[in-house]
$ cat target-v1.cif   # mmCIF, C-alpha atoms
data_structure
#
loop_
_atom_site.label_atom_id
_atom_site.label_comp_id
_atom_site.auth_asym_id
_atom_site.auth_seq_id
_atom_site.Cartn_x
_atom_site.Cartn_y
_atom_site.Cartn_z
CA THR A 9 84.53 102.24 111.68
CA PRO A 10 85.53 105.25 113.75
CA VAL A 11 88.90 104.91 115.46
CA ARG A 12 90.59 107.09 118.06
CA VAL A 13 94.38 106.98 117.82
CA LEU A 14 96.19 108.05 120.98
CA LEU A 15 99.50 109.88 120.99
CA GLY A 16 101.52 110.83 124.02
CA GLU A 17 102.62 114.47 123.84
CA ARG A 18 106.15 113.44 124.87
CA SER A 19 106.44 110.53 122.45
CA PRO A 20 109.57 110.47 120.29
CA THR A 21 109.30 112.39 117.02
CA TRP A 22 109.52 109.25 114.89
CA MET A 23 106.74 107.60 116.87
CA ALA A 24 104.52 110.68 116.70
CA ALA A 25 104.96 110.83 112.93
CA GLY A 26 103.94 107.20 112.57
CA THR A 27 100.96 107.65 114.87
CA ARG A 28 99.77 110.69 112.89
CA ALA A 29 100.18 108.75 109.65
CA VAL A 30 97.98 105.94 110.99
CA ALA A 31 95.26 108.38 112.07
CA ASP A 32 95.42 110.19 108.72
CA ALA A 33 95.20 106.92 106.77
CA LEU A 34 92.01 105.83 108.50
CA PRO A 35 88.83 107.17 106.85
CA ARG A 36 87.28 107.90 110.25
CA GLY A 37 90.46 108.21 112.27
CA GLU A 38 90.72 110.75 115.06
CA LEU A 39 94.03 111.66 116.68
CA ARG A 40 93.98 112.53 120.37
CA THR A 41 97.13 113.80 122.06
CA LEU A 42 97.49 112.99 125.74
CA ALA A 43 99.08 116.01 127.42
CA GLY A 44 102.29 115.42 129.33
CA GLN A 45 102.45 111.74 128.41
CA GLY A 46 104.94 109.59 126.58
CA HIS A 47 104.43 106.26 124.87
CA ILE A 48 103.14 104.33 127.88
CA ALA A 49 100.30 106.52 129.16
CA MET A 50 98.33 103.38 130.05
CA LEU A 51 100.93 102.86 132.79
CA THR A 52 101.91 106.42 133.70
CA ALA A 53 98.42 107.98 133.55
CA PRO A 54 95.88 105.15 133.58
CA ASP A 55 92.95 107.41 134.52
CA LEU A 56 93.65 109.78 131.62
CA PHE A 57 94.11 106.86 129.25
CA ALA A 58 90.88 105.17 130.37
CA GLU A 59 88.92 108.43 130.19
CA SER A 60 90.07 109.01 126.63
CA ILE A 61 88.98 105.55 125.55
CA GLY A 62 85.77 105.57 127.58
CA SER A 63 84.57 108.98 126.44
CA TYR A 64 85.17 108.03 122.82
CA ALA A 65 83.37 104.70 123.18
CA ARG A 66 80.39 106.40 124.85
CA ALA A 67 80.24 109.02 122.09
CA GLN A 68 80.21 106.31 119.41
CA SER A 69 77.60 104.11 121.07
CA PRO A 70 74.09 104.18 119.59
CA VAL A 71 72.75 103.36 123.08
CA ARG A 72 72.90 106.15 125.64
CA LEU A 73 73.32 104.92 129.19
#
$ encode --input "target-v1.cif" --output "structure tokens"
Amino acid sequence: TPVRVLLGERSPTWMAAGTRAVADALPRGELRTLAGQGHIAMLTAPDLFAESIGSYARAQSPVRL
């Protein structure tokens, strides 16, 4: 299953390392860094967060709307 793993550009180093490790461990993992964001981009940049998830979901869907 393809998975997009999101990382805030301003996340603490230890958190970024863990996030990269998760993405690397997944056979179809894709890391996406959200520019200017920390750990809670869903609260600080909800439009950016939603766009990242939505664009990935649309790209993975076998049905084109």
$ resolve_selection --input "target-v1.cif" --expression "the PyMOL selection byres ((chain A and resi 62-73) around 8)" --output "list in words"
Pro10, Arg12, Ala58, Glu59, Ser60 and Ile61 of chain A
$ atom_distance --input "target-v1.cif" --atom1 "CA of Leu51 (chain A)" --atom2 "CA of Val11 (chain A)"
21.2 Å
$ residues_around --input "target-v1.cif" --residues "Gln45 (chain A)" --least-positions-apart "5" --cutoff "7 Å" --atoms "all atoms listed in the file" --output "list in words"
Gly16, Glu17 and Arg18 of chain A
$ write_last_selection --input "target-v1.cif" --atoms "C-alpha atoms" --output "PDB file, in the frame of the given file"
ATOM      1  CA  GLY A  16     101.520 110.830 124.020  1.00  0.00           C
ATOM      2  CA  GLU A  17     102.620 114.470 123.840  1.00  0.00           C
ATOM      3  CA  ARG A  18     106.150 113.440 124.870  1.00  0.00           C
TER       4      ARG A  18
END
$ resolve_selection --input "target-v1.cif" --expression "the PyMOL selection byres ((chain A and resi 31) around 12)" --output "PyMOL selection string"
chain A and resi 10-15+24-30+32-41
$ atom_distance --input "target-v1.cif" --atom1 "CA of Ser19 (chain A)" --atom2 "CA of Thr52 (chain A)"
12.8 Å
$ decode --input "target-v1.cif" --residues "chain A" --atoms "C-alpha atoms" --output "JSON list (two decimals), in the first residue's frame"
[["chain", "number", "residue", "atom", "x", "y", "z"],
["A", 9, "THR", "CA", 0.00, 0.00, 0.00],
["A", 10, "PRO", "CA", 1.42, 3.41, -0.89],
["A", 11, "VAL", "CA", 1.80, 5.74, 2.08],
["A", 12, "ARG", "CA", 2.67, 9.43, 2.22],
["A", 13, "VAL", "CA", 4.48, 10.38, 5.43],
["A", 14, "LEU", "CA", 4.32, 14.07, 6.29],
["A", 15, "LEU", "CA", 7.13, 15.95, 8.01],
["A", 16, "GLY", "CA", 7.06, 19.55, 9.11],
["A", 17, "GLU", "CA", 10.19, 21.38, 7.99],
["A", 18, "ARG", "CA", 10.55, 22.90, 11.47],
["A", 19, "SER", "CA", 9.99, 19.65, 13.37],
["A", 20, "PRO", "CA", 12.59, 18.82, 16.02],
["A", 21, "THR", "CA", 15.60, 16.86, 14.75],
["A", 22, "TRP", "CA", 14.69, 13.73, 16.72],
["A", 23, "MET", "CA", 11.16, 13.77, 15.33],
["A", 24, "ALA", "CA", 12.37, 14.31, 11.77],
["A", 25, "ALA", "CA", 14.75, 11.37, 12.08],
["A", 26, "GLY", "CA", 11.94, 9.11, 13.27],
["A", 27, "THR", "CA", 9.62, 10.29, 10.53],
["A", 28, "ARG", "CA", 12.27, 9.63, 7.87],
["A", 29, "ALA", "CA", 12.89, 6.18, 9.33],
["A", 30, "VAL", "CA", 9.19, 5.34, 9.07],
["A", 31, "ALA", "CA", 9.02, 6.49, 5.44],
["A", 32, "ASP", "CA", 12.19, 4.55, 4.59],
["A", 33, "ALA", "CA", 10.90, 1.38, 6.26],
["A", 34, "LEU", "CA", 7.71, 1.33, 4.21],
["A", 35, "PRO", "CA", 8.08, -0.45, 0.84],
["A", 36, "ARG", "CA", 5.99, 2.23, -0.88],
["A", 37, "GLY", "CA", 6.57, 5.06, 1.56],
["A", 38, "GLU", "CA", 6.93, 8.62, 0.31],
["A", 39, "LEU", "CA", 8.20, 11.43, 2.52],
["A", 40, "ARG", "CA", 6.75, 14.88, 1.96],
["A", 41, "THR", "CA", 8.16, 17.86, 3.83],
["A", 42, "LEU", "CA", 5.74, 20.68, 4.54],
["A", 43, "ALA", "CA", 7.65, 23.95, 4.15],
["A", 44, "GLY", "CA", 7.68, 26.29, 7.12],
["A", 45, "GLN", "CA", 5.70, 23.91, 9.33],
["A", 46, "GLY", "CA", 6.37, 22.21, 12.62],
["A", 47, "HIS", "CA", 4.76, 19.12, 14.08],
["A", 48, "ILE", "CA", 1.17, 20.35, 14.05],
["A", 49, "ALA", "CA", 0.66, 21.51, 10.47],
["A", 50, "MET", "CA", -2.91, 20.22, 10.58],
["A", 51, "LEU", "CA", -3.58, 23.09, 13.01],
["A", 52, "THR", "CA", -1.16, 25.77, 11.80],
["A", 53, "ALA", "CA", -1.61, 25.24, 8.05],
["A", 54, "PRO", "CA", -4.77, 23.19, 7.53],
["A", 55, "ASP", "CA", -5.07, 24.06, 3.83],
["A", 56, "LEU", "CA", -1.50, 22.93, 3.11],
["A", 57, "PHE", "CA", -2.01, 19.79, 5.15],
["A", 58, "ALA", "CA", -5.30, 18.94, 3.41],
["A", 59, "GLU", "CA", -3.85, 19.64, -0.04],
["A", 60, "SER", "CA", -0.95, 17.29, 0.63],
["A", 61, "ILE", "CA", -3.27, 14.48, 1.67],
["A", 62, "GLY", "CA", -5.86, 15.17, -1.01],
["A", 63, "SER", "CA", -3.41, 15.38, -3.91],
["A", 64, "TYR", "CA", -1.81, 12.11, -2.84],
["A", 65, "ALA", "CA", -5.15, 10.35, -2.47],
["A", 66, "ARG", "CA", -6.27, 11.57, -5.90],
["A", 67, "ALA", "CA", -3.00, 10.40, -7.47],
["A", 68, "GLN", "CA", -3.42, 6.93, -5.94],
["A", 69, "SER", "CA", -7.08, 6.50, -6.89],
["A", 70, "PRO", "CA", -7.84, 4.19, -9.82],
["A", 71, "VAL", "CA", -10.95, 6.30, -10.50],
["A", 72, "ARG", "CA", -10.35, 9.75, -11.98],
["A", 73, "LEU", "CA", -12.97, 12.29, -10.98]]
